[in-house]
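Structure file data-v9.cif with mmCIF, C-alpha atoms:
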```
data_entry
loop_
_atom_site.group_PDB
_atom_site.id
_atom_site.type_symbol
_atom_site.label_atom_id
_atom_site.label_comp_id
_atom_site.auth_asym_id
_atom_site.auth_seq_id
_atom_site.Cartn_x
_atom_site.Cartn_y
_atom_site.Cartn_z
ATOM 1 C CA MET A 214 93.192 59.569 103.940
ATOM 2 C CA THR A 215 90.770 62.055 102.360
ATOM 3 C CA HIS A 216 92.140 64.882 104.504
ATOM 4 C CA THR A 217 95.691 64.038 103.445
ATOM 5 C CA VAL A 218 94.739 64.139 99.757
ATOM 6 C CA VAL A 219 92.991 67.502 100.167
ATOM 7 C CA MET A 220 96.013 68.993 101.922
ATOM 8 C CA ALA A 221 98.318 67.687 99.198
ATOM 9 C CA ASN A 222 96.140 69.298 96.528
ATOM 10 C CA GLU A 223 96.202 72.580 98.455
ATOM 11 C CA GLN A 224 99.993 72.486 98.545
ATOM 12 C CA ARG A 225 100.312 71.764 94.812
ATOM 13 C CA THR A 226 97.795 74.354 93.618
ATOM 14 C CA SER A 227 99.413 77.775 93.620
ATOM 15 C CA VAL A 228 97.857 81.010 94.807
ATOM 16 C CA LEU A 229 97.866 82.438 91.283
ATOM 17 C CA GLU A 230 96.261 79.283 89.869
ATOM 18 C CA VAL A 231 93.397 79.479 92.344
ATOM 19 C CA LEU A 232 92.888 83.198 91.715
ATOM 20 C CA ARG A 233 92.943 82.765 87.939
ATOM 21 C CA GLU A 234 90.404 79.966 88.105
ATOM 22 C CA ARG A 235 88.133 82.024 90.319
ATOM 23 C CA LEU A 236 88.441 85.026 88.032
ATOM 24 C CA ALA A 237 87.660 82.902 84.976
ATOM 25 C CA THR A 238 84.592 81.335 86.585
ATOM 26 C CA THR A 239 83.443 84.591 88.242
ATOM 27 C CA SER A 240 82.968 82.813 91.544
ATOM 28 C CA SER A 241 81.928 85.064 94.416
ATOM 29 C CA PRO A 242 82.597 85.066 98.153
ATOM 30 C CA GLY A 243 80.255 82.741 99.989
ATOM 31 C CA HIS A 244 79.436 80.828 96.803
ATOM 32 C CA ARG A 245 82.615 78.876 96.026
ATOM 33 C CA SER A 246 82.876 75.319 94.799
ATOM 34 C CA ASP A 247 86.673 74.896 94.711
ATOM 35 C CA GLY A 248 87.078 73.953 98.367
ATOM 36 C CA PHE A 249 89.751 76.585 98.998
ATOM 37 C CA GLN A 250 89.871 79.525 101.383
ATOM 38 C CA VAL A 251 91.963 82.320 99.882
ATOM 39 C CA ALA A 252 93.110 85.235 102.020
ATOM 40 C CA LEU A 253 94.941 88.464 101.333
ATOM 41 C CA ALA A 254 97.421 89.532 104.021
ATOM 42 C CA ILE A 255 98.698 93.120 103.968
ATOM 43 C CA GLU A 256 101.835 94.251 105.770
ATOM 44 C CA GLY A 257 101.859 97.604 107.537
ATOM 45 C CA GLY A 258 104.631 100.091 108.166
ATOM 46 C CA GLY A 259 103.140 103.570 108.551
ATOM 47 C CA SER A 260 103.726 105.652 105.425
ATOM 48 C CA ARG A 261 105.576 102.684 103.924
ATOM 49 C CA SER A 262 102.099 101.156 103.562
ATOM 50 C CA ALA A 263 101.874 103.215 100.382
ATOM 51 C CA TYR A 264 103.569 100.264 98.679
ATOM 52 C CA SER A 265 100.847 97.819 99.713
ATOM 53 C CA ALA A 266 98.219 100.448 98.871
ATOM 54 C CA GLY A 267 99.459 100.421 95.277
ATOM 55 C CA MET A 268 99.382 96.617 95.233
ATOM 56 C CA ALA A 269 95.809 96.654 96.511
ATOM 57 C CA ILE A 270 94.845 99.130 93.785
ATOM 58 C CA ALA A 271 96.258 96.721 91.201
ATOM 59 C CA ILE A 272 94.301 93.821 92.714
ATOM 60 C CA ASP A 273 91.116 95.808 92.275
ATOM 61 C CA GLU A 274 92.084 96.916 88.756
ATOM 62 C CA LEU A 275 92.643 93.274 87.790
ATOM 63 C CA GLY A 276 89.181 92.344 89.048
ATOM 64 C CA LEU A 277 90.605 90.101 91.762
ATOM 65 C CA THR A 278 89.003 91.584 94.863
ATOM 66 C CA ASN A 279 86.018 89.213 94.824
ATOM 67 C CA CYS A 280 88.387 86.267 94.401
ATOM 68 C CA PHE A 281 89.361 86.554 98.065
ATOM 69 C CA ASP A 282 87.375 85.211 100.987
ATOM 70 C CA SER A 283 89.057 87.347 103.634
ATOM 71 C CA VAL A 284 91.489 90.241 103.930
ATOM 72 C CA PHE A 285 93.886 90.639 106.864
ATOM 73 C CA GLY A 286 95.860 93.784 107.574
ATOM 74 C CA THR A 287 98.283 95.060 110.180
ATOM 75 C CA SER A 288 98.631 98.743 111.026
ATOM 76 C CA GLY A 289 98.613 100.711 107.741
ATOM 77 C CA GLY A 290 97.870 97.404 106.042
ATOM 78 C CA ALA A 291 94.605 97.245 108.005
ATOM 79 C CA LEU A 292 93.606 100.592 106.503
ATOM 80 C CA ASN A 293 94.398 99.302 103.025
ATOM 81 C CA ALA A 294 92.416 96.136 103.744
ATOM 82 C CA ALA A 295 89.399 98.196 104.770
ATOM 83 C CA TRP A 296 89.578 100.319 101.614
ATOM 84 C CA LEU A 297 89.769 97.223 99.430
ATOM 85 C CA VAL A 298 86.771 95.560 101.084
ATOM 86 C CA SER A 299 84.813 98.838 100.987
ATOM 87 C CA GLY A 300 84.808 98.792 97.185
ATOM 88 C CA ASP A 301 86.578 102.156 96.900
ATOM 89 C CA ALA A 302 90.174 101.010 96.573
ATOM 90 C CA GLN A 303 90.884 102.660 93.248
ATOM 91 C CA ARG A 304 89.182 105.870 94.281
ATOM 92 C CA PHE A 305 90.679 106.429 97.712
ATOM 93 C CA LEU A 306 93.842 104.347 98.209
ATOM 94 C CA PRO A 307 95.834 106.990 96.277
ATOM 95 C CA SER A 308 94.891 109.376 99.113
ATOM 96 C CA TRP A 309 97.977 108.263 101.036
ATOM 97 C CA GLY A 310 99.672 110.945 98.956
ATOM 98 C CA TRP A 311 96.922 113.576 98.775
ATOM 99 C CA PRO A 312 97.579 117.122 100.085
ATOM 100 C CA GLU A 313 93.995 117.454 101.381
ATOM 101 C CA VAL A 314 94.554 114.436 103.635
ATOM 102 C CA ALA A 315 97.930 115.750 104.805
ATOM 103 C CA ALA A 316 96.243 119.074 105.591
ATOM 104 C CA LYS A 317 94.162 117.377 108.301
ATOM 105 C CA LYS A 318 97.434 116.760 110.180
ATOM 106 C CA VAL A 319 96.956 113.207 111.330
ATOM 107 C CA THR A 320 100.669 113.516 112.114
ATOM 108 C CA ASP A 321 101.424 116.845 113.772
ATOM 109 C CA PRO A 322 104.547 117.527 115.914
ATOM 110 C CA GLN A 323 103.000 120.744 117.247
ATOM 111 C CA ARG A 324 100.156 118.744 118.798
ATOM 112 C CA MET A 325 102.704 117.168 121.138
ATOM 113 C CA LEU A 326 103.469 120.626 122.557
ATOM 114 C CA ARG A 327 99.828 120.791 123.605
ATOM 115 C CA GLY A 328 100.009 117.396 125.277
ATOM 116 C CA GLY A 329 98.463 115.459 122.407
ATOM 117 C CA PRO A 330 99.798 112.532 120.360
ATOM 118 C CA LEU A 331 102.120 112.970 117.420
ATOM 119 C CA VAL A 332 99.825 110.685 115.392
ATOM 120 C CA ASP A 333 96.126 111.122 116.128
ATOM 121 C CA THR A 334 94.187 108.126 114.843
ATOM 122 C CA ARG A 335 90.917 109.775 115.867
ATOM 123 C CA VAL A 336 91.560 112.490 113.291
ATOM 124 C CA LEU A 337 92.248 109.815 110.689
ATOM 125 C CA VAL A 338 89.210 107.654 111.351
ATOM 126 C CA HIS A 339 86.640 110.203 112.497
ATOM 127 C CA GLU A 340 87.583 113.179 110.326
ATOM 128 C CA VAL A 341 89.524 112.052 107.270
ATOM 129 C CA TYR A 342 87.574 108.818 106.795
ATOM 130 C CA GLU A 343 84.225 110.505 107.393
ATOM 131 C CA TYR A 344 84.585 113.811 105.554
ATOM 132 C CA VAL A 345 87.697 113.996 103.344
ATOM 133 C CA THR A 346 87.833 110.470 101.903
ATOM 134 C CA PRO A 347 84.536 108.983 103.105
ATOM 135 C CA MET A 348 85.030 105.310 103.893
ATOM 136 C CA ASN A 349 81.950 103.182 103.261
ATOM 137 C CA PHE A 350 81.922 101.468 106.647
ATOM 138 C CA ALA A 351 78.497 99.981 105.964
ATOM 139 C CA ALA A 352 79.830 98.239 102.846
ATOM 140 C CA ILE A 353 82.701 96.726 104.840
ATOM 141 C CA LEU A 354 80.324 95.447 107.516
ATOM 142 C CA ALA A 355 78.000 93.945 104.911
ATOM 143 C CA SER A 356 80.673 92.466 102.646
ATOM 144 C CA PRO A 357 80.957 88.674 102.321
ATOM 145 C CA ILE A 358 84.730 89.279 102.173
ATOM 146 C CA THR A 359 85.609 89.454 105.851
ATOM 147 C CA CYS A 360 87.911 92.246 107.035
ATOM 148 C CA HIS A 361 90.428 91.379 109.768
ATOM 149 C CA PRO A 362 92.467 94.198 111.347
ATOM 150 C CA VAL A 363 95.273 92.687 113.442
ATOM 151 C CA ALA A 364 96.441 94.433 116.622
ATOM 152 C CA THR A 365 98.700 93.647 119.579
ATOM 153 C CA ASP A 366 97.110 92.997 122.977
ATOM 154 C CA ALA A 367 98.859 95.570 125.165
ATOM 155 C CA ARG A 368 98.732 93.379 128.283
ATOM 156 C CA THR A 369 99.870 90.052 126.829
ATOM 157 C CA GLY A 370 101.756 91.160 123.709
ATOM 158 C CA GLU A 371 99.884 88.588 121.624
ATOM 159 C CA PRO A 372 98.629 89.321 118.078
ATOM 160 C CA THR A 373 94.850 89.562 117.963
ATOM 161 C CA ASP A 374 92.481 89.310 115.022
ATOM 162 C CA LEU A 375 89.921 92.019 115.784
ATOM 163 C CA HIS A 376 87.282 90.769 113.353
ATOM 164 C CA PRO A 377 85.230 89.075 116.119
ATOM 165 C CA HIS A 378 85.046 92.435 117.936
ATOM 166 C CA ILE A 379 83.577 94.285 114.944
ATOM 167 C CA ARG A 380 79.804 94.669 115.131
ATOM 168 C CA ASP A 381 79.005 98.159 113.856
ATOM 169 C CA THR A 382 80.614 101.284 112.440
ATOM 170 C CA LEU A 383 82.044 102.472 115.751
ATOM 171 C CA SER A 384 83.659 99.134 116.607
ATOM 172 C CA LEU A 385 85.091 98.927 113.074
ATOM 173 C CA GLN A 386 86.562 102.403 113.424
ATOM 174 C CA THR A 387 87.953 101.481 116.831
ATOM 175 C CA ALA A 388 89.510 98.306 115.433
ATOM 176 C CA LEU A 389 91.271 100.319 112.719
ATOM 177 C CA ARG A 390 92.575 102.723 115.362
ATOM 178 C CA ALA A 391 93.761 99.824 117.521
ATOM 179 C CA SER A 392 95.662 98.183 114.670
ATOM 180 C CA THR A 393 97.452 101.459 113.885
ATOM 181 C CA CYS A 394 98.158 102.672 117.446
ATOM 182 C CA MET A 395 101.928 103.104 117.387
ATOM 183 C CA PRO A 396 103.267 103.057 120.958
ATOM 184 C CA LEU A 397 103.811 106.489 122.496
ATOM 185 C CA VAL A 398 103.490 108.514 119.275
ATOM 186 C CA ALA A 399 99.797 107.618 118.930
ATOM 187 C CA GLY A 400 98.994 108.006 122.615
ATOM 188 C CA ARG A 401 97.537 105.438 124.970
ATOM 189 C CA PRO A 402 96.475 101.983 123.778
ATOM 190 C CA VAL A 403 93.023 101.808 122.216
ATOM 191 C CA GLU A 404 90.319 100.079 124.251
ATOM 192 C CA LEU A 405 87.946 97.641 122.575
ATOM 193 C CA ASP A 406 85.590 95.315 124.452
ATOM 194 C CA GLY A 407 87.426 95.777 127.722
ATOM 195 C CA ARG A 408 90.897 95.051 126.321
ATOM 196 C CA THR A 409 93.590 97.470 125.232
ATOM 197 C CA PHE A 410 95.520 97.244 121.977
ATOM 198 C CA VAL A 411 98.486 98.818 120.226
ATOM 199 C CA ASP A 412 99.910 98.570 116.724
ATOM 200 C CA GLY A 413 99.728 95.071 115.266
ATOM 201 C CA GLY A 414 103.209 95.506 113.847
ATOM 202 C CA LEU A 415 104.708 94.756 117.257
ATOM 203 C CA SER A 416 103.486 91.170 117.250
ATOM 204 C CA GLU A 417 102.453 90.292 113.687
ATOM 205 C CA PRO A 418 103.748 92.793 111.134
ATOM 206 C CA VAL A 419 102.921 90.461 108.233
ATOM 207 C CA PRO A 420 99.532 88.962 109.124
ATOM 208 C CA PHE A 421 99.628 85.730 107.148
ATOM 209 C CA HIS A 422 99.774 83.743 110.395
ATOM 210 C CA ALA A 423 96.375 85.148 111.348
ATOM 211 C CA ALA A 424 95.041 84.207 107.921
ATOM 212 C CA LEU A 425 96.291 80.622 108.231
ATOM 213 C CA SER A 426 94.869 80.345 111.755
ATOM 214 C CA HIS A 427 91.521 81.482 110.370
ATOM 215 C CA GLY A 428 91.534 78.540 107.939
ATOM 216 C CA ALA A 429 93.081 80.003 104.795
ATOM 217 C CA THR A 430 94.464 77.385 102.418
ATOM 218 C CA HIS A 431 96.175 79.997 100.228
ATOM 219 C CA VAL A 432 97.453 83.470 101.102
ATOM 220 C CA LEU A 433 98.614 86.301 98.863
ATOM 221 C CA VAL A 434 100.884 88.522 100.969
ATOM 222 C CA LEU A 435 101.443 92.174 100.116
ATOM 223 C CA ARG A 436 104.764 93.350 101.556
ATOM 224 C CA THR A 437 106.036 96.857 102.182
ATOM 225 C CA ARG A 438 109.656 95.897 102.846
ATOM 226 C CA ARG A 439 111.990 95.057 99.985
ATOM 227 C CA SER A 440 113.751 91.686 99.991
ATOM 228 C CA ASN A 441 117.028 93.472 100.750
ATOM 229 C CA GLN A 442 115.486 95.489 103.582
ATOM 230 C CA THR A 443 115.553 93.731 106.941
ATOM 231 C CA ALA A 444 114.124 94.796 110.266
ATOM 232 C CA GLU A 445 116.718 95.679 112.876
ATOM 233 C CA ALA A 446 116.525 95.364 116.634
ATOM 234 C CA ALA A 447 115.310 98.401 118.544
ATOM 235 C CA THR A 448 118.088 100.820 119.398
ATOM 236 C CA LEU A 449 119.050 101.536 122.990
ATOM 237 C CA LEU A 450 117.515 105.013 122.668
ATOM 238 C CA GLU A 451 114.205 103.558 121.415
ATOM 239 C CA ARG A 452 114.115 101.111 124.320
ATOM 240 C CA ILE A 453 114.838 103.859 126.853
ATOM 241 C CA VAL A 454 112.229 106.234 125.411
ATOM 242 C CA LEU A 455 109.500 103.584 125.172
ATOM 243 C CA ALA A 456 110.196 101.805 128.473
ATOM 244 C CA PRO A 457 107.935 104.075 130.617
ATOM 245 C CA TYR A 458 105.097 103.743 128.096
ATOM 246 C CA PHE A 459 105.204 99.953 128.126
ATOM 247 C CA THR A 460 105.552 99.867 131.919
ATOM 248 C CA LEU A 461 102.405 101.962 132.300
ATOM 249 C CA PHE A 462 100.257 100.657 129.484
ATOM 250 C CA GLY A 463 101.498 97.372 128.054
ATOM 251 C CA PRO A 464 104.245 95.181 129.469
ATOM 252 C CA GLY A 465 103.364 92.385 127.060
ATOM 253 C CA ALA A 466 103.494 94.768 124.125
ATOM 254 C CA GLY A 467 106.926 95.850 125.325
ATOM 255 C CA ARG A 468 108.182 92.289 125.129
ATOM 256 C CA SER A 469 106.767 91.963 121.620
ATOM 257 C CA PHE A 470 108.453 95.220 120.623
ATOM 258 C CA ALA A 471 111.807 93.913 121.835
ATOM 259 C CA GLN A 472 111.469 90.778 119.697
ATOM 260 C CA ARG A 473 109.835 92.337 116.637
ATOM 261 C CA HIS A 474 112.927 92.057 114.450
ATOM 262 C CA VAL A 475 113.119 88.317 115.148
ATOM 263 C CA GLY A 476 109.541 87.894 113.961
ATOM 264 C CA TYR A 477 110.351 89.719 110.736
ATOM 265 C CA LEU A 478 113.285 87.393 110.039
ATOM 266 C CA ASP A 479 111.135 84.318 110.719
ATOM 267 C CA ASP A 480 108.415 85.648 108.406
ATOM 268 C CA ASP A 481 110.911 86.257 105.608
ATOM 269 C CA ARG A 482 112.243 82.711 105.877
ATOM 270 C CA ARG A 483 108.753 81.226 105.932
ATOM 271 C CA LEU A 484 107.471 83.256 103.003
ATOM 272 C CA ASP A 485 110.578 82.664 100.913
ATOM 273 C CA GLY A 486 110.308 78.894 101.103
ATOM 274 C CA ASP A 487 106.885 77.661 102.130
ATOM 275 C CA GLY A 488 105.518 76.275 98.904
ATOM 276 C CA ALA A 489 102.768 77.187 96.499
ATOM 277 C CA HIS A 490 100.095 78.135 99.019
ATOM 278 C CA LEU A 491 101.899 81.311 100.133
ATOM 279 C CA LEU A 492 102.880 84.006 97.634
ATOM 280 C CA GLN A 493 104.353 87.383 98.487
ATOM 281 C CA VAL A 494 104.549 90.535 96.398
ATOM 282 C CA ARG A 495 107.355 92.926 97.375
ATOM 283 C CA PRO A 496 108.625 96.303 96.207
ATOM 284 C CA PRO A 497 111.646 95.940 93.886
ATOM 285 C CA VAL A 498 115.096 96.021 95.471
ATOM 286 C CA ASP A 499 115.757 99.495 94.064
ATOM 287 C CA ALA A 500 112.539 100.993 95.466
ATOM 288 C CA PRO A 501 113.176 104.040 97.674
ATOM 289 C CA ASN A 502 113.033 103.942 101.463
ATOM 290 C CA VAL A 503 109.833 105.359 102.916
ATOM 291 C CA SER A 504 109.989 106.001 106.659
ATOM 292 C CA ARG A 505 107.037 105.159 108.918
ATOM 293 C CA LEU A 506 106.220 108.822 109.538
ATOM 294 C CA SER A 507 107.191 110.241 106.159
ATOM 295 C CA GLY A 508 105.228 113.260 105.021
ATOM 296 C CA ASP A 509 106.890 113.436 101.601
ATOM 297 C CA LEU A 510 103.780 113.249 99.431
ATOM 298 C CA ALA A 511 105.715 112.959 96.173
ATOM 299 C CA LEU A 512 107.672 110.000 97.549
ATOM 300 C CA ILE A 513 104.524 108.381 98.910
ATOM 301 C CA THR A 514 102.742 108.780 95.583
ATOM 302 C CA ARG A 515 105.735 107.266 93.818
ATOM 303 C CA ALA A 516 105.663 104.324 96.238
ATOM 304 C CA ILE A 517 101.984 103.727 95.460
ATOM 305 C CA GLU A 518 102.752 103.492 91.751
ATOM 306 C CA ILE A 519 105.740 101.213 92.367
ATOM 307 C CA GLY A 520 103.553 98.882 94.418
ATOM 308 C CA ARG A 521 100.863 98.930 91.766
ATOM 309 C CA THR A 522 103.391 97.997 89.073
ATOM 310 C CA ALA A 523 104.845 95.213 91.243
ATOM 311 C CA MET A 524 101.439 93.534 91.640
ATOM 312 C CA HIS A 525 100.667 93.815 87.937
ATOM 313 C CA SER A 526 104.055 92.241 87.166
ATOM 314 C CA VAL A 527 103.424 89.273 89.457
ATOM 315 C CA TRP A 528 100.004 88.693 87.925
ATOM 316 C CA ALA A 529 101.488 88.798 84.408
ATOM 317 C CA SER A 530 104.277 86.354 85.268
#
```
What does this structure look like when you write it as structure tokens?
Amino acid sequence: MTHTVVMANEQRTSVLEVLRERLATTSSPGHRSDGFQVALAIEGGGSRSAYSAGMAIAIDELGLTNCFDSVFGTSGGALNAAWLVSGDAQRFLPSWGWPEVAAKKVTDPQRMLRGGPLVDTRVLVHEVYEYVTPMNFAAILASPITCHPVATDARTGEPTDLHPHIRDTLSLQTALRASTCMPLVAGRPVELDGRTFVDGGLSEPVPFHAALSHGATHVLVLRTRRSNQTAEAATLLERIVLAPYFTLFGPGAGRSFAQRHVGYLDDDRRLDGDGAHLLQVRPPVDAPNVSRLSGDLALITRAIEIGRTAMHSVWAS
């Protein structure tokens, strides 16, 4: 009976109500008395993650970061999650649109002519995040707010919360690379603890399922797709081009890729009608399209500001 009453209270108390109460009482992670577990789940999408970057900036501006117990992120959302937990969200999340970051050529078509990947996550994590926009990996590891990059197991195709595999700076960096390893364009799957992983967007593009499985009672979900923007099935050309990659490196991931659009539709239905304990923030319906590999820095910077405004609007509602 007690468990039933607690669950009913969780369902009735909204995400914003819990966050506002925590902000008002200045409760801190690891020292809560409200009985709730509140998670932030951040959708990925390559350069489209600029939208969720702006939302994360707004969360930090509003003083809400310490109101969360855990932060989950998929692909580019995992990078945004790491920045938020690091304590440098406002300083470095705008770097999605910075020329000095673009100059490091994380995405470089000419590299493919030399046999390298189009998107080199090693450059991102070991050059950009160490020297251009230094990520405080030690702060993430020490934070009471747990950071959960979500990736896709290349062999099985199952979504995997990589938090249990993170022990030190190198494993954290590897987890971020694994979550963002887009099939083919980012090279071979990333190995971590004897398993291989590719982009989490294949199996769990919006990682609120991982948050709920981890025990979250409430989840704030930062989306990068508009409500009028649906995921479509892979084209025949995409399937043909990626088939050899999945055959060699990840048959399970290939099956997840083929069904990814179905997962997106299921997530939209769940998030649109699953009560007070799930709340999503989305870009407005007139927000511009940002492709996964966009290098348009002006567009990306605009998307960051649109996402920031969207989160502030939800909080003020």
Q.
I need every residue sitting at most 12 Å from the point (91.6, 100.7, 120.7) (coordinates as in the file, only C-alpha atoms considered), written as a ChimeraX atom specification.
A. /A:334-335,338,362-367,373,375,378-379,383-396,399-413
Print the selection's residues with C-alpha atoms to a file, as an mmCIF file, in the frame of the given file.
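So result_5.cif came out as:
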```cif
data_model
loop_
_atom_site.group_PDB
_atom_site.id
_atom_site.type_symbol
_atom_site.label_atom_id
_atom_site.label_comp_id
_atom_site.auth_asym_id
_atom_site.auth_seq_id
_atom_site.Cartn_x
_atom_site.Cartn_y
_atom_site.Cartn_z
ATOM 1 C CA THR A 334 94.187 108.126 114.843
ATOM 2 C CA ARG A 335 90.917 109.775 115.867
ATOM 3 C CA VAL A 338 89.210 107.654 111.351
ATOM 4 C CA PRO A 362 92.467 94.198 111.347
ATOM 5 C CA VAL A 363 95.273 92.687 113.442
ATOM 6 C CA ALA A 364 96.441 94.433 116.622
ATOM 7 C CA THR A 365 98.700 93.647 119.579
ATOM 8 C CA ASP A 366 97.110 92.997 122.977
ATOM 9 C CA ALA A 367 98.859 95.570 125.165
ATOM 10 C CA THR A 373 94.850 89.562 117.963
ATOM 11 C CA LEU A 375 89.921 92.019 115.784
ATOM 12 C CA HIS A 378 85.046 92.435 117.936
ATOM 13 C CA ILE A 379 83.577 94.285 114.944
ATOM 14 C CA LEU A 383 82.044 102.472 115.751
ATOM 15 C CA SER A 384 83.659 99.134 116.607
ATOM 16 C CA LEU A 385 85.091 98.927 113.074
ATOM 17 C CA GLN A 386 86.562 102.403 113.424
ATOM 18 C CA THR A 387 87.953 101.481 116.831
ATOM 19 C CA ALA A 388 89.510 98.306 115.433
ATOM 20 C CA LEU A 389 91.271 100.319 112.719
ATOM 21 C CA ARG A 390 92.575 102.723 115.362
ATOM 22 C CA ALA A 391 93.761 99.824 117.521
ATOM 23 C CA SER A 392 95.662 98.183 114.670
ATOM 24 C CA THR A 393 97.452 101.459 113.885
ATOM 25 C CA CYS A 394 98.158 102.672 117.446
ATOM 26 C CA MET A 395 101.928 103.104 117.387
ATOM 27 C CA PRO A 396 103.267 103.057 120.958
ATOM 28 C CA ALA A 399 99.797 107.618 118.930
ATOM 29 C CA GLY A 400 98.994 108.006 122.615
ATOM 30 C CA ARG A 401 97.537 105.438 124.970
ATOM 31 C CA PRO A 402 96.475 101.983 123.778
ATOM 32 C CA VAL A 403 93.023 101.808 122.216
ATOM 33 C CA GLU A 404 90.319 100.079 124.251
ATOM 34 C CA LEU A 405 87.946 97.641 122.575
ATOM 35 C CA ASP A 406 85.590 95.315 124.452
ATOM 36 C CA GLY A 407 87.426 95.777 127.722
ATOM 37 C CA ARG A 408 90.897 95.051 126.321
ATOM 38 C CA THR A 409 93.590 97.470 125.232
ATOM 39 C CA PHE A 410 95.520 97.244 121.977
ATOM 40 C CA VAL A 411 98.486 98.818 120.226
ATOM 41 C CA ASP A 412 99.910 98.570 116.724
ATOM 42 C CA GLY A 413 99.728 95.071 115.266
#
```
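Distances here use all atoms listed in the file; by that measure, the residue among A:Gly463, A:Pro307, A:Gly248, A:Gly259 closest to Thr514 in chain A is A:Pro307.
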Q) Within 7 Å of Val398 in chain A, counting all atoms listed in the file, which residues qualify if same-chain residues fewer than 5 places away don't, as a ChimeraX atom specification? A) /A:330-332
**Q.** Point-to-point distance from CA of Pro501 in chain A to CA of Ile519 in chain A, Å rounded to tenths
**A.** 9.6 Å
Q. Between A:Ser265, A:Gln323, A:Thr346, A:Ser283, which one has atoms that come closest to Ser308 in chain A, using all atoms listed in the file?
A. A:Thr346
Q | Distance query Ala315 in chain A at most 9 Å, all atoms listed in the file, self and fewer than 5 positions along chain excluded, as a list in words | A | Trp309, Gly310, Thr320, Gly508 and Leu510 of chain A
Q) To one decimal place, how far is CA of Ser530 in chain A from CA of Asp282 in chain A in Å? A) 23.1 Å
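Those residues returned by the PyMOL selection byres ((chain A and resi 256) around 7) for this file are Ala254, Ile255, Gly257, Gly258, Gly286, Thr287, Gly290, Pro418, Val419, Pro420, Leu435, Arg436 and Thr437 of chain A.
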Complete range 246-257 of chain A at the level of N, CA, C and O atoms, written as a PDB file, in the coordinates of the input.
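Saved file part-v7.pdb follows:
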```pdb
ATOM      1  N   SER A 246      82.976  76.775  94.932  1.00  0.00           N
ATOM      2  CA  SER A 246      82.876  75.319  94.799  1.00  0.00           C
ATOM      3  C   SER A 246      84.254  74.664  94.705  1.00  0.00           C
ATOM      4  O   SER A 246      84.348  73.457  94.498  1.00  0.00           O
ATOM      5  N   ASP A 247      85.332  75.467  94.888  1.00  0.00           N
ATOM      6  CA  ASP A 247      86.673  74.896  94.711  1.00  0.00           C
ATOM      7  C   ASP A 247      87.249  74.300  95.988  1.00  0.00           C
ATOM      8  O   ASP A 247      88.296  73.653  95.957  1.00  0.00           O
ATOM      9  N   GLY A 248      86.604  74.533  97.123  1.00  0.00           N
ATOM     10  CA  GLY A 248      87.078  73.953  98.367  1.00  0.00           C
ATOM     11  C   GLY A 248      88.224  74.699  99.017  1.00  0.00           C
ATOM     12  O   GLY A 248      88.739  74.265 100.053  1.00  0.00           O
ATOM     13  N   PHE A 249      88.633  75.823  98.446  1.00  0.00           N
ATOM     14  CA  PHE A 249      89.751  76.585  98.998  1.00  0.00           C
ATOM     15  C   PHE A 249      89.249  77.781  99.798  1.00  0.00           C
ATOM     16  O   PHE A 249      88.131  78.274  99.585  1.00  0.00           O
ATOM     17  N   GLN A 250      90.086  78.261 100.685  1.00  0.00           N
ATOM     18  CA  GLN A 250      89.871  79.525 101.383  1.00  0.00           C
ATOM     19  C   GLN A 250      91.081  80.404 101.067  1.00  0.00           C
ATOM     20  O   GLN A 250      92.207  80.086 101.464  1.00  0.00           O
ATOM     21  N   VAL A 251      90.858  81.478 100.341  1.00  0.00           N
ATOM     22  CA  VAL A 251      91.963  82.320  99.882  1.00  0.00           C
ATOM     23  C   VAL A 251      91.913  83.654 100.623  1.00  0.00           C
ATOM     24  O   VAL A 251      90.892  84.342 100.618  1.00  0.00           O
ATOM     25  N   ALA A 252      93.022  83.994 101.255  1.00  0.00           N
ATOM     26  CA  ALA A 252      93.110  85.235 102.020  1.00  0.00           C
ATOM     27  C   ALA A 252      94.155  86.162 101.415  1.00  0.00           C
ATOM     28  O   ALA A 252      95.103  85.723 100.761  1.00  0.00           O
ATOM     29  N   LEU A 253      93.952  87.445 101.661  1.00  0.00           N
ATOM     30  CA  LEU A 253      94.941  88.464 101.333  1.00  0.00           C
ATOM     31  C   LEU A 253      95.480  88.976 102.659  1.00  0.00           C
ATOM     32  O   LEU A 253      94.705  89.289 103.568  1.00  0.00           O
ATOM     33  N   ALA A 254      96.792  89.034 102.801  1.00  0.00           N
ATOM     34  CA  ALA A 254      97.421  89.532 104.021  1.00  0.00           C
ATOM     35  C   ALA A 254      98.287  90.733 103.672  1.00  0.00           C
ATOM     36  O   ALA A 254      99.156  90.630 102.791  1.00  0.00           O
ATOM     37  N   ILE A 255      98.061  91.864 104.354  1.00  0.00           N
ATOM     38  CA  ILE A 255      98.698  93.120 103.968  1.00  0.00           C
ATOM     39  C   ILE A 255      99.578  93.639 105.099  1.00  0.00           C
ATOM     40  O   ILE A 255      99.099  93.951 106.187  1.00  0.00           O
ATOM     41  N   GLU A 256     100.865  93.735 104.801  1.00  0.00           N
ATOM     42  CA  GLU A 256     101.835  94.251 105.770  1.00  0.00           C
ATOM     43  C   GLU A 256     101.616  95.738 105.992  1.00  0.00           C
ATOM     44  O   GLU A 256     101.187  96.475 105.098  1.00  0.00           O
ATOM     45  N   GLY A 257     101.937  96.189 107.218  1.00  0.00           N
ATOM     46  CA  GLY A 257     101.859  97.604 107.537  1.00  0.00           C
ATOM     47  C   GLY A 257     103.211  98.279 107.427  1.00  0.00           C
ATOM     48  O   GLY A 257     104.092  97.835 106.704  1.00  0.00           O
TER      49      GLY A 257
END
```
